[in-house]
Every structure is written in C-alpha cells, then in structure tokens.
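**Student:** Could you have a look at this structure, given as structure tokens, before my questions?
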Amino acid sequence: MAMEAHEIESMIREALPDAEIRIEDLRGDGDHYAAYVISPSFEGKSRVQQHQMIYAALQGKMGGDLHALALQTSTPE
C-alpha cells in the first residue's frame with residue numbers, strides 16, 4: 001500500500017515541528033519519494049543521525065508502506 005506525500009510530511013512534522021519539509025513523488029507512483037528536511041534539531045548531529053531521526057518519525061513505514069525515500073537533511077543557514 002502506497003503512502004501519500006502529505007502523510008510523510010505530517011509524520012515528519014509531528015516529530016520535528018520546527019522543520020521545513022518538502023516532499024517530492026519521484027515517479028508518481030506513491031512509492032518513491034524524496035524528502036528535503038531542514039531543521040535546527042539536526043544541529044550537532046551527523047548526517048546518519050539526522051536520517052535516523054527521519055526514519056524514527058516514519059514509525060516503521062520505511063520498507064513497507066513506503067518503498068523508497070531519498071533523504072536530504074540540513075540545518076538552517
């Protein structure tokens with residue numbers, strides 16, 4: 001079962017309310033997305049830790065309802 005972009009954004013926003021989030025459906029199939037997340041919560045964290053925060057926000061949906069998610073994370077400039 002595919003996920004909608006707004007569902008992904010909502011789950012990330014719940015975990016990181018201060019984040020700027022942009023979700024793109026890469027193939028139009030609801031299974032392959034790119035997420036661009038900018039958050040002060042990432043300050044002092046490695047890229048791996050930042051991505052782990054996003055995966056935690058998705059509450060186990062990765063690999064199931066959500067087949068592929070390309071992540072780009074950063075802190076505000």
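Ligands are numbered from 1 in the order shown, residues from 1 within each chain, and chains are lettered A, B, ... in the order they appear in the structure tokens.
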Tell me, which residues of chain A carry DSSP helix (DSSP H, G or I), written as a list of chain:residue names?
**Tutor:**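 Result set for chain A (helix (DSSP H, G or I)): A:Ala5, A:His6, A:Glu7, A:Ile8, A:Glu9, A:Ser10, A:Met11, A:Ile12, A:Arg13, A:Glu14, A:Ala15, A:Pro40, A:Ser41, A:Phe42, A:Arg47, A:Val48, A:Gln49, A:Gln50, A:His51, A:Gln52, A:Met53, A:Ile54, A:Tyr55, A:Ala56, A:Ala57.
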**Student:** Would you list the contacts of Ile21 of chain A as a list in words, taking every protein, DNA or RNA residue within 7 Å and counting only C-alpha atoms, but skipping same-chain residues closer than 4 positions in sequence?
**Tutor:**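 Using only C-alpha atoms, the neighbours found are Glu9, Tyr36, Val37 and Ile38 of chain A.
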**Student:** The selected residues should be written to file as a tab-separated table (two decimals), in the first residue's frame (atoms: N, CA, C and O atoms).
**Tutor:**
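Output (part_37.tsv):
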```tsv
chain	number	residue	atom	x	y	z
A	9	GLU	N	4.92	13.94	5.12
A	9	GLU	CA	5.19	15.27	5.68
A	9	GLU	C	4.61	15.40	7.08
A	9	GLU	O	5.25	15.90	8.00
A	36	TYR	N	13.16	16.56	1.59
A	36	TYR	CA	14.13	17.60	1.89
A	36	TYR	C	13.71	18.20	3.23
A	36	TYR	O	12.60	18.76	3.33
A	37	VAL	N	14.54	18.04	4.24
A	37	VAL	CA	14.17	18.46	5.59
A	37	VAL	C	15.27	19.35	6.16
A	37	VAL	O	16.43	18.94	6.24
A	38	ILE	N	14.89	20.55	6.57
A	38	ILE	CA	15.80	21.49	7.22
A	38	ILE	C	15.27	21.71	8.63
A	38	ILE	O	14.11	22.09	8.79
```
**Student:** So which bits of chain A end up strand (DSSP E or B) when you DSSP the backbone, as a short mmCIF file (atom, residue, chain, number, x, y, z; two decimals) with C-alpha atoms, in the first residue's frame?
**Tutor:**
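That gives us part.cif:
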```cif
data_model
loop_
_atom_site.label_atom_id
_atom_site.label_comp_id
_atom_site.auth_asym_id
_atom_site.auth_seq_id
_atom_site.Cartn_x
_atom_site.Cartn_y
_atom_site.Cartn_z
CA GLU A 20 10.97 22.99 6.80
CA ILE A 21 9.82 19.99 4.78
CA ARG A 22 9.40 19.37 1.07
CA ILE A 23 8.31 16.00 -0.29
CA GLU A 24 8.51 15.05 -3.97
CA ASP A 25 6.93 11.97 -5.55
CA HIS A 32 9.35 6.55 -4.45
CA TYR A 33 9.80 9.89 -2.73
CA ALA A 34 12.47 12.44 -1.99
CA ALA A 35 12.30 14.35 1.29
CA TYR A 36 14.13 17.60 1.89
CA VAL A 37 14.17 18.46 5.59
CA ILE A 38 15.80 21.49 7.22
CA MET A 62 10.01 2.54 5.58
CA LEU A 66 6.96 3.46 1.86
CA ALA A 68 11.94 4.27 -1.21
CA LEU A 69 12.80 7.63 0.32
CA ALA A 70 15.79 9.69 -0.77
CA LEU A 71 16.71 12.00 2.11
CA GLN A 72 18.46 15.34 2.12
CA THR A 73 18.76 16.87 5.57
CA SER A 74 20.44 20.01 6.85
#
```
**Student:** Could you tell me which of A:Pro76, A:Ser41, A:His67, A:Gly60 comes closest to Glu4 of chain A if we count only C-alpha atoms?
**Tutor:** A:His67
**Student:** Which value, in Å to one decimal, gives the distance between atom CA of Ala57 of chain A and atom CA of Asp31 of chain A?
**Tutor:** 17.3 Å
**Student:** So the first atom is atom CA of Ala5 of chain A and the second is atom CA of Glu77 of chain A; what is the distance between them in Å, to one decimal place?
**Tutor:**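 It comes out at 25.5 Å.
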**Student:** To one decimal place, how far is atom CA of Gly63 of chain A from atom CA of Val48 of chain A in Å?
**Tutor:** 17.6 Å
**Student:** Residues within 7 Å of Thr75 of chain A, please, as a ChimeraX atom specification. Count only C-alpha atoms; anything in the same chain fewer than 3 positions from it doesn't count.
**Tutor:** /A:38-40,42-43
**Student:** Counting only C-alpha atoms, which residue out of A:Arg13, A:Lys61, A:Met3, A:Ala56 sits closest to Asp29 of chain A?
**Tutor:**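 Comparing A:Arg13, A:Lys61, A:Met3, A:Ala56 against Asp29 of chain A, the winner is A:Met3.
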**Student:** Looking at only C-alpha atoms, which of A:Ala2, A:Glu7, A:Gln49, A:Ile54 is the one that sits closest to Ala19 of chain A?
**Tutor:** A:Ile54
